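Student: For reference, the structure I am asking about is given below.
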Amino acid sequence: MANEDKLRDYLKLVTANLRQTRRRLAEVEERSQEPIAIVGMSCRFPGGAQSPEKLWELLATGTDAVGAFPQDRGWDIETLYDPDPDHPGTSYARHGGFLYDAAEFDAGFFGISPREALMMDPQQRLLLEVSWEALEKAGIDAATLRGTQTGVFAGGYTSGYGTNPSAEAGGSEGHLLTGIATSVLSGRLAFTFGLEGPAVTVDTACSSSLVALHLACQALRAGECSLALVGGVTVIATPAVFVGFSRQRGMSVDGRCKSFSAEADGSGWAEGAGVLVVERLSDARRNGHRVLAVVRGSAMNQDGASNGLTAPNGPSQQRVIRAALANAQLSPADVDVVEAHGSATRLGDPIEAEALIATYGQDRPDERPLWLGSVKSNIGHAQAAAGVAGVIKMVLALQNRQLPRTLHVEEPSPHVDWSAGEVQLLTESRPWSADGRVRRAGVSAFGMSGTNVHIILEETPAETAVQAQAPAEDGEVIEAALDDQADEVEQAAVPVVAQTDGVGAWLVSGRTAEGLVAQAGRLQEWVAARPELNVPEVSWSLAATRSVFEHRGVVVGSDREELLTGLEKLAAGGSA
């Protein structure tokens, strides 16, 4: 009898341990597949797309952002151009997608001396600015991240800036060591913001920024970081890419990407920068962050020993797409649209289209084809920033429930058998209808290095729409304490009245008086364009979700119009 009792107790213990082990395994598996929330994003792309809102305006209006070579980079444009592709040292194209203000930088805002700023690659400067803006759009005060396990995953490669230091450097050449090192693209962000999670610069050529997103998702799920800045940047500091691809005859004559078009004649080169703020979906819900979209799944692979070092490989592209779908636990029919790599080369486009037809184009209802497009047709091929440009475009499309058209496709490529599957080009903009289904998009990037990546995006789950903390109601006061680790900010709590007795108060600040005035102007323009905003929500956001700097102004008014008038006066250097 005693032996039976011992055996029974032992079996109970084993059963309990087994249940606990199964529960832990289930938790680990769930964490390894948890969707990653995109809670903030910002960008700089050609055509004046200085923000996601401006980029959407460019996409929705079907704008072609390609323009002439910039005049301020020391290029000898007259001798650089030659229509003969065999003429050494020249380019047969003289257009591209450029950031004409790429040299502008507010070094003082980041505590960087003018001498060091001059020696910094403009790619580092752009990433700093766009990362700051992405955090602000996420409602995160950058100062609160200092000392946290926040990661940085930046796609980029050498721009050629500073490779020939001149005598005019004035003894600043020592700053070139960090100014042009690609490792410092990520390291500079971590240093400036005080971030202590992984900081990695990714260079897989054209797939760099999308690979960075894939790696960030893995790091978040593994617990290596709690939040991450992810993106990519490219500034064309020298004309080398134009000269090199002229010899290869892989460049568009007019600088435009005619993705999947019968007229495709090569890539059109472009610049750009884009940064996403990402965290685990469960953390986004707990932190009350607005979720713009989620990364449902991703995968990465390599062409290996294929038909050429830089040539795309169809079977590898099919494998990476299927792996991403498996990681997302989805079938091809669950995805509505693919933002393609769409490099617009005569070799690359047919291979990519056939891979998409073989994976996404089979076993789909006739009335629900896979829609196909590429942002490169609007802005050109932004190289290390191309992947993140596609992600931002698809997040905007999810938010606006609209699929923008792809430009320059009067006739689809005749080198693709479009009848082999249900895949259609977005030659016209169209509503993104759901019919009760969850909206999802794939985003592809294939590097010249042979590294391929595919991401599955999904619209925001309905339950994340409720914020953890609501804005102040009438008569309620919000106490907003400055973070005591913020650089150069007074170490004291500042009471900020969001709204009391029917009077609204909007707080504006800047590191300098000029910055304060400029910020007031931007805020006035932004609010004026959005009549649906109400006073308490704007007050709460300005008080609770933004950094507060040394120079401050508070605009007070009894209604929205009075507050806007006050901002206008503050932006003009006066007071209200």
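By order of appearance in the structure tokens: chains A, B, ..., then residues from 1 within every chain, and ligands from 1 in the order shown.
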Set the distance at 6 Å and use only C-alpha atoms: which residues neighbour Leu213 (chain A) once local chain neighbours fewer than 3 positions away are removed? I'd like the list as a count of residues only.
Tutor: 3
Student: Set the distance at 6 Å and use only C-alpha atoms: which residues neighbour region 108-118 of chain A once local chain neighbours fewer than 2 positions away are removed? I'd like the list as a ChimeraX atom specification.
Tutor: /A:106,120,175
Student: Just N, CA, C and O atoms for this one: save the residues we selected as a tab-separated table (two decimals), in the first residue's frame.
Tutor:
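In the end it all went to again23.tsv:
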```
chain	number	residue	atom	x	y	z
A	106	ASP	N	21.50	70.12	-38.40
A	106	ASP	CA	21.52	70.92	-37.19
A	106	ASP	C	22.43	70.23	-36.18
A	106	ASP	O	21.98	69.49	-35.29
A	120	MET	N	31.59	64.22	-40.80
A	120	MET	CA	30.63	63.11	-40.72
A	120	MET	C	29.98	62.86	-42.07
A	120	MET	O	29.53	63.80	-42.74
A	175	HIS	N	38.51	63.33	-37.21
A	175	HIS	CA	37.09	62.97	-37.09
A	175	HIS	C	36.64	62.06	-38.22
A	175	HIS	O	35.56	61.46	-38.14
```
Student: Identify which of the residues A:Leu58, A:Val291, A:Leu403, A:Val391 lies closest to Asp336 (chain A), counting only C-alpha atoms when measuring atom-to-atom distances.
Tutor: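 Going through A:Leu58, A:Val291, A:Leu403, A:Val391 one by one, the smallest distance to Asp336 (chain A) is for A:Leu403.
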Student: List as a list in words the protein and nucleic acid residues near Arg296 (chain A), meaning an atom at most 7 Å away when only C-alpha atoms are counted, but skip any in the same chain fewer than 5 places from it.
Tutor: Pro35, Ile36, Ala328, Ile456, Leu457 and Glu458 of chain A
Student: So that I can check the surroundings of region 439-450 of chain A, please list as number ranges by chain every protein, DNA and RNA residue that reaches within 9 Å of it, counting only C-alpha atoms and ignoring chain neighbours fewer than 5 positions away.
Tutor: A: 203-211, 296, 301-304, 309-313, 317, 321, 334-342, 383, 386-387, 390-391, 394-395, 398, 401, 432-434, 455-459
Student: Could you state the separation of CA of Thr63 (chain A) and CA of Gln399 (chain A) in Å, given to one decimal place?
Tutor: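 It comes out at 19.6 Å.
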Student: Restrict the calculation to only C-alpha atoms, then for each residue of region 153-253 of chain A with any atom at most 7 Å from an atom of region 263-279 of chain A give the closest atom pair and their distance in Å to one decimal, rows by chain and rising residue number, as a tab-separated table.
Tutor:
```
residue	atom	partner	partner_atom	distance
A:Leu220	CA	A:Glu279	CA	6.7
A:Ser226	CA	A:Glu279	CA	6.4
A:Leu227	CA	A:Glu279	CA	4.7
A:Ala228	CA	A:Val278	CA	5.4
A:Leu229	CA	A:Val277	CA	4.9
A:Val230	CA	A:Leu276	CA	5.1
A:Gly231	CA	A:Val275	CA	4.2
A:Gly232	CA	A:Ala273	CA	5.7
A:Val233	CA	A:Ala273	CA	4.2
A:Thr234	CA	A:Glu271	CA	5.1
A:Val235	CA	A:Glu271	CA	5.1
A:Ile236	CA	A:Glu271	CA	6.4
A:Gly250	CA	A:Gly266	CA	5.0
A:Met251	CA	A:Gly266	CA	4.2
A:Ser252	CA	A:Gly266	CA	4.2
```
Student: Let me see the file: selected residues, N, CA, C and O atoms, as a compact mmCIF listing (two decimals), in the first residue's frame.
Tutor:
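Resulting contents of again_27.txt:
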```
# COMPACT_ATOMS: atom_id res chain seq x y z
N LEU A 220 14.30 41.20 -30.98
CA LEU A 220 13.19 41.53 -30.08
C LEU A 220 12.55 40.26 -29.52
O LEU A 220 12.26 40.17 -28.32
N SER A 226 14.45 45.55 -26.06
CA SER A 226 13.04 45.77 -25.76
C SER A 226 12.37 46.68 -26.77
O SER A 226 11.14 46.70 -26.89
N LEU A 227 13.16 47.44 -27.49
CA LEU A 227 12.70 48.39 -28.51
C LEU A 227 13.84 48.50 -29.51
O LEU A 227 15.00 48.26 -29.16
N ALA A 228 13.54 48.86 -30.75
CA ALA A 228 14.62 48.99 -31.73
C ALA A 228 14.32 50.09 -32.74
O ALA A 228 13.17 50.28 -33.14
N LEU A 229 15.38 50.79 -33.10
CA LEU A 229 15.36 51.70 -34.25
C LEU A 229 15.90 50.92 -35.44
O LEU A 229 16.99 50.34 -35.36
N VAL A 230 15.13 50.88 -36.52
CA VAL A 230 15.49 50.07 -37.68
C VAL A 230 15.35 50.90 -38.94
O VAL A 230 14.35 51.61 -39.11
N GLY A 231 16.31 50.81 -39.83
CA GLY A 231 16.15 51.55 -41.09
C GLY A 231 17.33 51.41 -42.00
O GLY A 231 18.15 50.48 -41.88
N GLY A 232 17.44 52.37 -42.91
CA GLY A 232 18.53 52.37 -43.87
C GLY A 232 18.70 53.75 -44.45
O GLY A 232 17.80 54.59 -44.39
N VAL A 233 19.87 53.99 -45.03
CA VAL A 233 20.17 55.31 -45.56
C VAL A 233 21.14 55.19 -46.73
O VAL A 233 22.02 54.32 -46.74
N THR A 234 20.95 56.03 -47.72
CA THR A 234 21.90 56.14 -48.83
C THR A 234 21.98 57.60 -49.27
O THR A 234 20.95 58.24 -49.52
N VAL A 235 23.19 58.12 -49.32
CA VAL A 235 23.47 59.42 -49.93
C VAL A 235 24.54 59.19 -50.98
O VAL A 235 25.57 58.57 -50.70
N ILE A 236 24.30 59.67 -52.18
CA ILE A 236 25.24 59.48 -53.29
C ILE A 236 26.23 60.64 -53.27
O ILE A 236 26.01 61.69 -53.89
N GLY A 250 23.71 48.69 -66.88
CA GLY A 250 22.61 48.25 -66.02
C GLY A 250 21.78 49.39 -65.47
O GLY A 250 21.00 49.20 -64.55
N MET A 251 21.93 50.58 -66.07
CA MET A 251 21.29 51.78 -65.55
C MET A 251 20.31 52.35 -66.57
O MET A 251 20.52 52.29 -67.78
N SER A 252 19.22 52.88 -66.05
CA SER A 252 18.22 53.51 -66.91
C SER A 252 18.79 54.77 -67.56
O SER A 252 19.49 55.56 -66.91
```
Student: I'd like to know which of A:Ser246, A:Asn17, A:Thr359, A:Asn378 is closest to Ala324 (chain A), using only C-alpha atoms.
Tutor: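 Ranking A:Ser246, A:Asn17, A:Thr359, A:Asn378 by distance to Ala324 (chain A), first place goes to A:Thr359.
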Student: How would you write, as an MDAnalysis selection string, the set of residues in region 58-304 of chain A that DSSP gives as helix (DSSP H, G or I)?
Tutor: chainID A and resid 58:60 77:80 107:110 114:119 122:137 142:145 167:169 173:179 183:193 208:222 240:248 281:287
Student: Output as a ChimeraX atom specification all residues of region 38-101 of chain A that backbone DSSP marks as strand (DSSP E).
Tutor: /A:38-44,67-68,95-96
Student: Put those residues in a file: all heavy atoms, as a PDB file, in the first residue's frame.
Tutor:
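Printed below is again.pdb as written:
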```
ATOM      1  N   ILE A  38       5.098  48.007 -35.461  1.00  0.00           N
ATOM      2  CA  ILE A  38       5.727  49.247 -35.925  1.00  0.00           C
ATOM      3  C   ILE A  38       4.962  50.387 -35.262  1.00  0.00           C
ATOM      4  O   ILE A  38       3.781  50.598 -35.533  1.00  0.00           O
ATOM      5  CB  ILE A  38       5.667  49.363 -37.451  1.00  0.00           C
ATOM      6  CG1 ILE A  38       6.411  48.198 -38.108  1.00  0.00           C
ATOM      7  CG2 ILE A  38       6.260  50.701 -37.918  1.00  0.00           C
ATOM      8  CD1 ILE A  38       6.248  48.132 -39.621  1.00  0.00           C
ATOM      9  N   VAL A  39       5.629  51.114 -34.360  1.00  0.00           N
ATOM     10  CA  VAL A  39       4.942  52.141 -33.581  1.00  0.00           C
ATOM     11  C   VAL A  39       5.359  53.562 -33.961  1.00  0.00           C
ATOM     12  O   VAL A  39       4.790  54.533 -33.459  1.00  0.00           O
ATOM     13  CB  VAL A  39       5.152  51.916 -32.068  1.00  0.00           C
ATOM     14  CG1 VAL A  39       4.553  50.579 -31.642  1.00  0.00           C
ATOM     15  CG2 VAL A  39       6.631  51.992 -31.683  1.00  0.00           C
ATOM     16  N   GLY A  40       6.337  53.679 -34.847  1.00  0.00           N
ATOM     17  CA  GLY A  40       6.755  55.002 -35.309  1.00  0.00           C
ATOM     18  C   GLY A  40       7.552  54.867 -36.590  1.00  0.00           C
ATOM     19  O   GLY A  40       8.176  53.828 -36.824  1.00  0.00           O
ATOM     20  N   MET A  41       7.521  55.894 -37.423  1.00  0.00           N
ATOM     21  CA  MET A  41       8.350  55.868 -38.635  1.00  0.00           C
ATOM     22  C   MET A  41       8.531  57.283 -39.162  1.00  0.00           C
ATOM     23  O   MET A  41       7.676  58.158 -38.972  1.00  0.00           O
ATOM     24  CB  MET A  41       7.755  54.955 -39.713  1.00  0.00           C
ATOM     25  CG  MET A  41       6.375  55.298 -40.175  1.00  0.00           C
ATOM     26  SD  MET A  41       5.728  54.010 -41.302  1.00  0.00           S
ATOM     27  CE  MET A  41       4.243  54.837 -41.923  1.00  0.00           C
ATOM     28  N   SER A  42       9.675  57.495 -39.789  1.00  0.00           N
ATOM     29  CA  SER A  42       9.969  58.781 -40.403  1.00  0.00           C
ATOM     30  C   SER A  42      10.875  58.535 -41.596  1.00  0.00           C
ATOM     31  O   SER A  42      11.450  57.446 -41.730  1.00  0.00           O
ATOM     32  CB  SER A  42      10.636  59.725 -39.405  1.00  0.00           C
ATOM     33  OG  SER A  42      10.744  61.035 -39.936  1.00  0.00           O
ATOM     34  N   CYS A  43      11.016  59.532 -42.453  1.00  0.00           N
ATOM     35  CA  CYS A  43      11.770  59.301 -43.683  1.00  0.00           C
ATOM     36  C   CYS A  43      12.210  60.601 -44.343  1.00  0.00           C
ATOM     37  O   CYS A  43      11.731  61.686 -44.023  1.00  0.00           O
ATOM     38  CB  CYS A  43      10.932  58.487 -44.672  1.00  0.00           C
ATOM     39  SG  CYS A  43       9.442  59.333 -45.258  1.00  0.00           S
ATOM     40  N   ARG A  44      13.137  60.449 -45.275  1.00  0.00           N
ATOM     41  CA  ARG A  44      13.526  61.481 -46.230  1.00  0.00           C
ATOM     42  C   ARG A  44      13.668  60.776 -47.577  1.00  0.00           C
ATOM     43  O   ARG A  44      14.545  59.928 -47.740  1.00  0.00           O
ATOM     44  CB  ARG A  44      14.871  62.103 -45.876  1.00  0.00           C
ATOM     45  CG  ARG A  44      14.946  62.812 -44.554  1.00  0.00           C
ATOM     46  CD  ARG A  44      14.439  64.249 -44.643  1.00  0.00           C
ATOM     47  NE  ARG A  44      14.887  65.010 -43.504  1.00  0.00           N
ATOM     48  CZ  ARG A  44      14.360  64.930 -42.289  1.00  0.00           C
ATOM     49  NH1 ARG A  44      13.359  64.091 -42.074  1.00  0.00           N
ATOM     50  NH2 ARG A  44      14.831  65.658 -41.302  1.00  0.00           N
ATOM     51  N   GLY A  67      14.923  63.771 -60.680  1.00  0.00           N
ATOM     52  CA  GLY A  67      15.358  65.091 -61.150  1.00  0.00           C
ATOM     53  C   GLY A  67      16.804  65.073 -61.599  1.00  0.00           C
ATOM     54  O   GLY A  67      17.467  64.028 -61.647  1.00  0.00           O
ATOM     55  N   ALA A  68      17.306  66.265 -61.907  1.00  0.00           N
ATOM     56  CA  ALA A  68      18.669  66.418 -62.428  1.00  0.00           C
ATOM     57  C   ALA A  68      19.705  66.218 -61.331  1.00  0.00           C
ATOM     58  O   ALA A  68      19.412  66.278 -60.137  1.00  0.00           O
ATOM     59  CB  ALA A  68      18.828  67.804 -63.044  1.00  0.00           C
ATOM     60  N   HIS A  95      20.131  61.955 -64.551  1.00  0.00           N
ATOM     61  CA  HIS A  95      19.002  62.168 -63.647  1.00  0.00           C
ATOM     62  C   HIS A  95      18.971  61.052 -62.602  1.00  0.00           C
ATOM     63  O   HIS A  95      19.475  59.954 -62.825  1.00  0.00           O
ATOM     64  CB  HIS A  95      17.681  62.178 -64.413  1.00  0.00           C
ATOM     65  CG  HIS A  95      17.512  63.354 -65.311  1.00  0.00           C
ATOM     66  ND1 HIS A  95      18.045  63.391 -66.589  1.00  0.00           N
ATOM     67  CD2 HIS A  95      16.881  64.546 -65.130  1.00  0.00           C
ATOM     68  CE1 HIS A  95      17.754  64.545 -67.148  1.00  0.00           C
ATOM     69  NE2 HIS A  95      17.042  65.266 -66.288  1.00  0.00           N
ATOM     70  N   GLY A  96      18.361  61.342 -61.486  1.00  0.00           N
ATOM     71  CA  GLY A  96      18.188  60.369 -60.418  1.00  0.00           C
ATOM     72  C   GLY A  96      17.247  60.917 -59.365  1.00  0.00           C
ATOM     73  O   GLY A  96      16.718  62.022 -59.489  1.00  0.00           O
TER      74      GLY A  96
END
```
Student: Just the number, please: distance in Å from CA of Val375 (chain A) to CA of Tyr100 (chain A), one decimal.
Tutor: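 Separating CA of Val375 (chain A) from CA of Tyr100 (chain A) is a distance of 19.3 Å.
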